[in-house]
Structures are given as C-alpha cells and as structure tokens.
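Here the structure is laid out as structure tokens; the discussion comes afterwards.
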Amino acid sequence: MNKKMVFMLVSLLVLMSVLAGCGSSNSTAESNGSKANQSTNTSGENKSEAEPFEVVLRHIHIRDTAKQTLAILQDAVKATEADVPGLKISLDGVEDAVNRDVKLKAEMAAGTQPPIFSLFGGADTENYSKAGRLLPLNDILTELGIQDSFFDLREFTVDGKIYGLPESGYIEGFFYNKKLFEQVGASVPATWDELVDAMEKLKAGGITPIAMGAGSGDGWVINMLANSMFVALGGPELQEGFATGAAKWTDPAVVEAFKRIEFLVQHQYIDPNVLGLKFPQGQANFYTGKAAMLFDGSWAVNAITGESSTVKDDAGFFRFPDVGGKGDGYINGGWSNGYGFSAAVNERELQAVKAFIKNFFSLENQKRTLVETSQIASMKGITDIQGANDLIKTIGEAQGSAKGAFPAFDSVVQPQVKVALETNMQQLLGGKVTPEQAAENMQKVQDEANAASN
C-alpha cells in the first residue's frame with residue numbers, strides 16, 4: 001500500500017492537506033513559539049513574583065475511555081501554567097450532556113461561564129455569541145499564526161467571527177465484530193436490505209445485532225442513528241431546512257426514518273434493554289463481544305481498542321448503508337466539539353487563554369490525538385501517521401469513499417429541537433408514540449423555535 005493510500009485511510013481531508021502542501025500557516029505555527037510566548041507573558045513579572053490567580057477549565061473527558069484524551073489536555077495545562085506567571089488552572093470535569101444541556105446553559109444565562117470550557121459548534125455557538133458570552137478569536141489566531149491551520153471552523157463561526165476551536169473531528173457509522181459476522185455468515189452491508197439480512201442472521205444466532213444505551217439523559221445516542229437515517233432518505237438539504245421552514249419533520253423522508261427505527265425495535269435488532277442502559281453500558285456491550293454492531297462516532301475507537309475491550313482485533317467499521325434515497329453515499333462527520341472562551345475574561349485570564357490555545361492546538365497534540373486517542377485531527381499538516389491503529393485507518397477509508405459529509409443535525413437546529421428529538425426517540429424506542437406522532441411532535445417544537453428566532 002503506497003503512502004498516498006495510507007493518508008487517505010486516515011482522513012480524506014488530511015490527504016487533501018498533504019496534496020495542497022502544509023502551507024505557510026503551518027510552518028508559521030511551528031516557528032511561532034517565541035511570538036506566542038511573548039504574547040502570553042507580557043507582564044514583565046517573574047513567575048515567583050507574580051500574584052497567583054486561578055482559571056477554571058471545563059472539560060468533558062471524565063470516562064475511563066477518555067484517559068488518553070485527558071492526558072493530552074493535562075500536558076497542555078502544565079505547559080500553559082509554566083508560560084503564564086502566577087497561573088493555576090483548575091480542571092472541572094463534567095459529563096458531556098450535563099455540561100452542554102444543564103451547566104453551561106445556566107452559566108451562559110447568568111453570565112457566569114468559566115474562562116475556558118467545552119463548547120459545541122452550530123446553534124450553541126451562535127446563541128451564546130449573540131448573547132455576548134463568547135470571546136472572538138480571530139485576532140488571537142492571527143497573533144499565534146494558526147488562523148489557517150484548521151480544516152473547518154464553520155460550526156464555530158458566526159458573522160465572520162470565530163468563537164471556538166474544534167478539539168478533533170469525528171465520523172459516525174457502524175462498528176462491527178468481524179468474528180460474529182463470520183460466525184453467522186453475515187456480510188458487511190452496503191444497502192438497507194443487506195443490513196436487515198445481517199441483523200436477522202445475527203438474531204437467529206442468538207446474538208444482539210445492535211448494542212445501544214439510550215436511557216435517561218442519553219437520548220442523544222439514538223439521535224445519531226436517526227440522523228443518518230433521515231439524511232440518507234431525504235438528503236443533507238433536508239436537515240438544513242428545518243430551522244428555515246424549507247423542510248418539515250413531517251416530511252415523508254423523516255417519517256420513514258422514524259418507521260425504520262420502530263422496525264429495528266419491533267424486530268429486536270436493537271438491544272431490548274436500550275432504555276435501561278446508559279451510553280457507556282451500551283458501548284461496553286459491543287466492545288466486550290455481547291453485541292455485533294454499535295452505531296457510534298469515531299471517538300469510540302479508543303474504547304473499542306482499549307484495555308477493557310475483547311474485540312480490539314476483530315472490530316471493523318462501515319458507513320451507514322444506502323437506502324435508495326437522496327442522501328445515499330454521504331457520511332455524518334465534521335468538527336463540532338471543542339473549546340470556547342468567555343468574553344468576560346480579564347487581562348490576566350486573556351493571557352492564560354492565549355497560552356492555552358498555543359499549547360493545546362499544536363501539530364504535536366494533533367498527532368497525539370490521532371495516534372493515542374484514535375480521533376480525527378482538526379488541524380492540517382500531519383504527514384506522519386506512524387502508530388495509528390488499523391481501525392482508525394478503516395474509518396478514514398470510509399470517509400474517503402463517501403460522496404460527502406454532513407454535520408450532526410443538532411448543529412443546524414435550535415437547542416430545544418435537539419432535546420425534543422431525544423425525548424421523542426426515547427418514546428419511540430419504548431413504544432409510547434408512533435412514527436407519525438413523533439414527527440408531529442417534532443414539527444410543533446420546530447415551529448415554536450423558528451417563531452422565537454424571528
């Protein structure tokens with residue numbers, strides 16, 4: 001296999017970066033250490049003489065499967081503390097859904113958000129920036145020489161201003177257990193009918209086809225599968241139209257997607273205990289060999305290939321199969337999750353923010369992210385992928401063979417619409433609503449959200 005193919009397997013966009021050349025922005029970023037240090041240590045004070053101050057950094061890397069990701073953050077924190085006189089960074093680890101849907105919402109409403117925090121792109125970034133809570137980063141990125149170093153900042157950009165930086169990229173699709181597939185004579189499916197055939201064989205063999213934990217607080221898990229389903233049927237433009245009124249949740253493609261979710265439940269292709277399990281429990285049922293498939297993001301690779309996994313040598317990946325719809329061939333992927341910074345930071349806190357961006361968003365850390373955590377890089381210029389595992393290469397191949405990528409639906413709709421889909425999909429999983437009722441419920445919330453936005 002030549003190097004060009006290897007690069008494509010890791011990420012099509014990484015390959016594009018290599019073909020286009022690393023460019024002056026990347027070389028500037030690497031050679032800009034002294035400039036960045038000057039910008040982050042301008043007080044003229046010795047560290048021993050500086051008045052101590054604390055900066056809270058909110059992160060979401062609290063699970064055992066996120067240990068490597070947390071280690072990269074901790075190293076960047078140590079470097080930042082060394083750069084800024086008197087600085088002590090306090091790490092505040094919070095579960096991701098709690099941070100996004102509870103704590104950060106309340107803090108943004110009150111104006112008490114921490115100086116540095118985990119931030120989701122799209123609607124969250126747009127709402128918080130318009131409320132004046134987020135720090136614009138354009139000038140800081142230019143000062144540090146990394147203004148052109150990211151693959152895609154669209155989800156963190158509002159009216160030309162950048163308000164957040166993606167920690168890594170993601171791709172969503174099906175992880176599968178090769179050994180269990182071989183055991184029942186199932187093939188990797190390229191179409192919906194082939195997927196149903198594989199699930200029926202697995203079920204007949206006494207194997208749970210799809211692992212999933214979407215219980216209380218984790219309704220977002222089923223949303224991933226539903227999102228790929230309705231985009232496959234209706235095309236990426238479908239979800240782009242929800243917030244503008246150009247498309248509706250009651251459109252045939254969405255209703256059909258909900259019917260197929262119901263079909264999976266009725267045939268027990270999804271774990272029958274799906275609502276009794278949390279996300280990590282459902283994920284663990286795959287990587288301990290209790291289920292044959294897991295629909296998840298590329299962030300799951302770390303758990304699937306980790307110490308607790310019994311399937312690390314048998315795991316493969318395939319993108320959502322074709323359904324005969326407008327979105328066939330597309331894959332859910334993007335750069336939605338990263339860090340934002342408070343617009344209320346004082347002069348010394350701003351100094352810490354600049355130092356953190358310099359130390360955390362580097363090519364060295366991006367390669368560590370790829371190799372140590374098996375997540376897709378958010379920055380251009382990685383040309384050495386030695387050490388990356390085979391599963392992340394397979395994900396890169398699936399990305400490279402896709403017709404295109406679309407962002408998660410919750411980056412293009414209002415937050416209350418995201419929450420409403422979680423509730424309705426949980427009710428659909430539990431047989432409490434029909435697909436048609438779920439679609440009508442969703443459109444009602446969407447109409448209210450659109451009216452409030454106008």
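Numbering starts fresh at 1 for the residues of each chain in the structure tokens, the chains themselves are lettered A, B, ... in the order given, and ligands are numbered from 1 as they appear.
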
Strand (DSSP E) positions in range 84-331 of chain A, given as an MDAnalysis selection string: chainID A and resid 87:93 116:120 157:158 161:162 164:166 170:177 208:211 291:297 315:318 330:331

Contacts of range 151-157 of chain A within 10 Å, only C-alpha atoms, excl. fewer than 5 positions in-chain, as an mmCIF file with C-alpha atoms, in the first residue's frame:
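Final output, saved to selection.cif:
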```cif
data_model
loop_
_atom_site.group_PDB
_atom_site.id
_atom_site.type_symbol
_atom_site.label_atom_id
_atom_site.label_comp_id
_atom_site.auth_asym_id
_atom_site.auth_seq_id
_atom_site.Cartn_x
_atom_site.Cartn_y
_atom_site.Cartn_z
ATOM 1 C CA LEU A 13 -9.100 15.819 4.420
ATOM 2 C CA VAL A 14 -5.663 15.052 5.759
ATOM 3 C CA MET A 16 -6.101 16.988 0.770
ATOM 4 C CA SER A 17 -3.943 18.911 3.171
ATOM 5 C CA LEU A 119 -18.268 24.092 23.567
ATOM 6 C CA PHE A 120 -20.420 22.571 20.854
ATOM 7 C CA GLY A 121 -20.498 24.270 17.461
ATOM 8 C CA GLY A 122 -23.541 25.288 15.455
ATOM 9 C CA ALA A 123 -26.612 26.535 17.295
ATOM 10 C CA ASP A 124 -24.911 26.605 20.724
ATOM 11 C CA THR A 125 -22.082 28.773 19.435
ATOM 12 C CA GLU A 126 -24.479 31.030 17.542
ATOM 13 C CA SER A 129 -22.085 34.509 20.730
ATOM 14 C CA PRO A 136 -13.940 36.296 19.406
ATOM 15 C CA LEU A 137 -10.728 34.508 18.444
ATOM 16 C CA ASN A 138 -9.815 35.907 15.013
ATOM 17 C CA ILE A 162 -14.583 32.632 15.182
ATOM 18 C CA TYR A 163 -15.776 31.759 18.689
ATOM 19 C CA GLY A 164 -14.457 28.243 19.271
ATOM 20 C CA LEU A 165 -11.821 25.751 18.162
ATOM 21 C CA PRO A 166 -12.530 22.052 17.479
ATOM 22 C CA GLY A 169 -13.043 15.647 14.153
ATOM 23 C CA GLY A 334 -17.413 17.190 10.997
ATOM 24 C CA TRP A 335 -15.713 19.276 13.638
ATOM 25 C CA SER A 336 -18.388 20.156 16.172
ATOM 26 C CA ASN A 337 -16.880 19.766 19.637
ATOM 27 C CA GLY A 338 -14.069 21.831 21.056
ATOM 28 C CA TYR A 339 -13.292 24.722 23.366
ATOM 29 C CA GLY A 340 -14.820 28.151 23.739
ATOM 30 C CA ALA A 377 -7.340 15.607 13.593
ATOM 31 C CA SER A 378 -8.871 19.083 13.424
ATOM 32 C CA MET A 379 -5.707 20.763 12.130
ATOM 33 C CA LYS A 380 -3.868 20.431 8.825
ATOM 34 C CA GLY A 381 -0.291 19.369 8.317
ATOM 35 C CA PRO A 407 -22.832 17.811 10.164
ATOM 36 C CA SER A 411 -25.620 21.919 14.856
ATOM 37 C CA VAL A 412 -28.235 23.326 12.447
#
```

All helix (DSSP H, G or I) residues (DSSP, backbone) inside range 262-380 of chain A, as number ranges by chain: A: 262-266, 274-276, 279-287, 298-304, 347-360, 363-373

Selection near range 78-91 of chain A, 6 Å with only C-alpha atoms, sequence-local residues under 4 positions removed, as a PyMOL selection string: chain A and resi 41+47+50-57+355-356

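A straight line drawn from CA of Trp299 in chain A to CA of Tyr170 in chain A is 6.7 Å long.
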
Residue nearest Ile382 in chain A among A:Met108, A:Gly325, A:Phe150, A:Leu429 (counting only C-alpha atoms):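 Checking each of A:Met108, A:Gly325, A:Phe150, A:Leu429 against Ile382 in chain A, counting only C-alpha atoms, the winner is A:Phe150.
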
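Using only C-alpha atoms, the shortest contact distance between Lys67 in chain A and any of A:Glu372, A:Phe360, A:Lys312, A:Ala343 is found at A:Glu372.
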
Contacts of range 95-105 of chain A at 10 Å (only C-alpha atoms; same-chain gap of 2+ positions) as number ranges by chain: A: 58-63, 93, 107-114, 117-120, 124, 128, 217-220, 415-416, 419

Wanna dump the range 237-291 of chain A-range 193-215 of chain A contacts at 6 Å for me, each residue with its shortest atom pair and the distance in Å to one decimal, counting only C-alpha atoms, ordered by chain and number, as a tab-separated table?
```
residue	atom	partner	partner_atom	distance
A:Tyr269	CA	A:Pro209	CA	5.3
A:Ile270	CA	A:Ile210	CA	4.8
A:Asp271	CA	A:Ala211	CA	5.6
A:Val274	CA	A:Gly213	CA	4.9
A:Leu275	CA	A:Gly215	CA	4.0
A:Gly276	CA	A:Gly215	CA	5.4
A:Leu277	CA	A:Gly213	CA	4.4
A:Lys278	CA	A:Gly213	CA	4.7
A:Phe279	CA	A:Gly213	CA	4.4
A:Gly282	CA	A:Gly213	CA	4.1
A:Phe286	CA	A:Ala211	CA	5.8
A:Ala291	CA	A:Thr208	CA	4.7
```

Polymer residues at most 10 Å from Ala420 in chain A, only C-alpha atoms, same-chain spacing of 2 or more positions, as number ranges by chain: A: 219, 415-418, 422-426, 438, 441-446

Could you dump the residues just selected with N, CA, C and O atoms as a PDB file, in the first residue's frame?
```pdb
ATOM      1  N   GLY A 219     -30.543  10.233  25.524  1.00  0.00           N
ATOM      2  CA  GLY A 219     -31.354  10.135  24.320  1.00  0.00           C
ATOM      3  C   GLY A 219     -30.613  10.532  23.066  1.00  0.00           C
ATOM      4  O   GLY A 219     -30.989  10.150  21.954  1.00  0.00           O
ATOM      5  N   PRO A 415     -31.470  24.482  20.128  1.00  0.00           N
ATOM      6  CA  PRO A 415     -31.245  23.502  21.195  1.00  0.00           C
ATOM      7  C   PRO A 415     -32.509  22.779  21.653  1.00  0.00           C
ATOM      8  O   PRO A 415     -32.466  21.582  21.954  1.00  0.00           O
ATOM      9  N   GLN A 416     -33.647  23.470  21.709  1.00  0.00           N
ATOM     10  CA  GLN A 416     -34.863  22.809  22.178  1.00  0.00           C
ATOM     11  C   GLN A 416     -35.339  21.742  21.197  1.00  0.00           C
ATOM     12  O   GLN A 416     -36.020  20.782  21.586  1.00  0.00           O
ATOM     13  N   VAL A 417     -34.965  21.882  19.931  1.00  0.00           N
ATOM     14  CA  VAL A 417     -35.327  20.875  18.933  1.00  0.00           C
ATOM     15  C   VAL A 417     -34.500  19.616  19.150  1.00  0.00           C
ATOM     16  O   VAL A 417     -34.998  18.493  19.042  1.00  0.00           O
ATOM     17  N   LYS A 418     -33.240  19.803  19.484  1.00  0.00           N
ATOM     18  CA  LYS A 418     -32.374  18.662  19.806  1.00  0.00           C
ATOM     19  C   LYS A 418     -32.941  17.875  20.982  1.00  0.00           C
ATOM     20  O   LYS A 418     -33.063  16.641  20.930  1.00  0.00           O
ATOM     21  N   GLU A 422     -34.535  13.886  21.265  1.00  0.00           N
ATOM     22  CA  GLU A 422     -34.115  12.891  22.253  1.00  0.00           C
ATOM     23  C   GLU A 422     -35.346  12.284  22.945  1.00  0.00           C
ATOM     24  O   GLU A 422     -35.465  11.060  23.057  1.00  0.00           O
ATOM     25  N   THR A 423     -36.244  13.143  23.377  1.00  0.00           N
ATOM     26  CA  THR A 423     -37.443  12.676  24.082  1.00  0.00           C
ATOM     27  C   THR A 423     -38.316  11.812  23.180  1.00  0.00           C
ATOM     28  O   THR A 423     -38.764  10.729  23.575  1.00  0.00           O
ATOM     29  N   ASN A 424     -38.549  12.282  21.967  1.00  0.00           N
ATOM     30  CA  ASN A 424     -39.434  11.544  21.060  1.00  0.00           C
ATOM     31  C   ASN A 424     -38.819  10.230  20.601  1.00  0.00           C
ATOM     32  O   ASN A 424     -39.530   9.232  20.439  1.00  0.00           O
ATOM     33  N   MET A 425     -37.504  10.195  20.408  1.00  0.00           N
ATOM     34  CA  MET A 425     -36.875   8.930  20.014  1.00  0.00           C
ATOM     35  C   MET A 425     -36.882   7.933  21.169  1.00  0.00           C
ATOM     36  O   MET A 425     -37.052   6.731  20.962  1.00  0.00           O
ATOM     37  N   GLN A 426     -36.717   8.407  22.388  1.00  0.00           N
ATOM     38  CA  GLN A 426     -36.835   7.514  23.537  1.00  0.00           C
ATOM     39  C   GLN A 426     -38.252   6.959  23.650  1.00  0.00           C
ATOM     40  O   GLN A 426     -38.441   5.773  23.937  1.00  0.00           O
ATOM     41  N   ALA A 438     -44.457  11.112  16.537  1.00  0.00           N
ATOM     42  CA  ALA A 438     -43.142  11.679  16.836  1.00  0.00           C
ATOM     43  C   ALA A 438     -42.825  12.816  15.871  1.00  0.00           C
ATOM     44  O   ALA A 438     -42.305  13.870  16.278  1.00  0.00           O
ATOM     45  N   ASN A 441     -44.938  15.838  16.758  1.00  0.00           N
ATOM     46  CA  ASN A 441     -44.402  16.464  17.973  1.00  0.00           C
ATOM     47  C   ASN A 441     -43.167  17.298  17.643  1.00  0.00           C
ATOM     48  O   ASN A 441     -42.996  18.412  18.167  1.00  0.00           O
ATOM     49  N   MET A 442     -42.315  16.758  16.815  1.00  0.00           N
ATOM     50  CA  MET A 442     -41.092  17.463  16.436  1.00  0.00           C
ATOM     51  C   MET A 442     -41.392  18.751  15.679  1.00  0.00           C
ATOM     52  O   MET A 442     -40.774  19.787  15.924  1.00  0.00           O
ATOM     53  N   GLN A 443     -42.344  18.685  14.745  1.00  0.00           N
ATOM     54  CA  GLN A 443     -42.638  19.874  13.961  1.00  0.00           C
ATOM     55  C   GLN A 443     -43.249  20.973  14.808  1.00  0.00           C
ATOM     56  O   GLN A 443     -42.992  22.168  14.586  1.00  0.00           O
ATOM     57  N   LYS A 444     -44.030  20.592  15.813  1.00  0.00           N
ATOM     58  CA  LYS A 444     -44.596  21.591  16.712  1.00  0.00           C
ATOM     59  C   LYS A 444     -43.489  22.353  17.445  1.00  0.00           C
ATOM     60  O   LYS A 444     -43.512  23.586  17.530  1.00  0.00           O
ATOM     61  N   VAL A 445     -42.506  21.615  17.957  1.00  0.00           N
ATOM     62  CA  VAL A 445     -41.388  22.253  18.651  1.00  0.00           C
ATOM     63  C   VAL A 445     -40.574  23.092  17.678  1.00  0.00           C
ATOM     64  O   VAL A 445     -40.125  24.198  18.003  1.00  0.00           O
ATOM     65  N   GLN A 446     -40.376  22.576  16.460  1.00  0.00           N
ATOM     66  CA  GLN A 446     -39.609  23.320  15.458  1.00  0.00           C
ATOM     67  C   GLN A 446     -40.303  24.630  15.097  1.00  0.00           C
ATOM     68  O   GLN A 446     -39.657  25.681  14.983  1.00  0.00           O
TER      69      GLN A 446
END
```

Each residue of range 248-342 of chain A lying at most 12 Å from range 394-401 of chain A should get a row with its shortest atom-to-atom pair and the distance in Å to one decimal, counting only C-alpha atoms; could you produce that, ordered by chain and increasing number, as CSV?
```
residue,atom,partner,partner_atom,distance
A:Asp296,CA,A:Ile395,CA,11.7
A:Gly297,CA,A:Ile395,CA,9.9
A:Ser298,CA,A:Ile395,CA,7.4
A:Trp299,CA,A:Ile395,CA,10.9
A:Ala300,CA,A:Ile395,CA,11.3
A:Val301,CA,A:Ile395,CA,9.5
A:Ala315,CA,A:Thr394,CA,10.0
A:Gly316,CA,A:Thr394,CA,7.2
A:Phe317,CA,A:Ile395,CA,6.2
A:Phe318,CA,A:Ala398,CA,6.4
A:Arg319,CA,A:Ala398,CA,6.2
A:Phe320,CA,A:Ala398,CA,9.8
A:Pro321,CA,A:Ala398,CA,11.3
A:Gly329,CA,A:Ser401,CA,8.3
A:Tyr330,CA,A:Gln399,CA,8.8
A:Ile331,CA,A:Gln399,CA,7.0
A:Asn332,CA,A:Gln399,CA,9.2
A:Gly333,CA,A:Gln399,CA,8.3
A:Gly334,CA,A:Gln399,CA,10.7
```

CA of Lys326 in chain A to CA of Gln239 in chain A, distance in Å rounded to a single decimal: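 Computed distance, CA of Lys326 in chain A to CA of Gln239 in chain A, equals 12.3 Å.
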
Selection: 12 Å around Pro435 in chain A, only C-alpha atoms, excl. self and same-chain fewer than 4 positions, as a list in words: Ala226, Trp249, Thr250, Asp251, Pro252, Ala253, Val254, Val255, Glu256, Ala257, Phe258, Lys259, Arg260, Ile261, Glu262, Phe263, Leu421, Asn424, Met425, Gln426, Gln427, Leu428, Leu429, Gly430, Gly431, Ala439, Glu440, Asn441 and Met442 of chain A

Selected residue, from A:Glu448, A:Glu347, A:Glu237, A:Asp313, that lies nearest to Phe406 in chain A when counting only C-alpha atoms: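 Closest to Phe406 in chain A of all the choices is A:Glu237.
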
Separation of CA of Arg368 in chain A from CA of Asn302 in chain A in Å: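 About the pair CA of Asn302 in chain A and CA of Arg368 in chain A: they are 12.5 Å apart.
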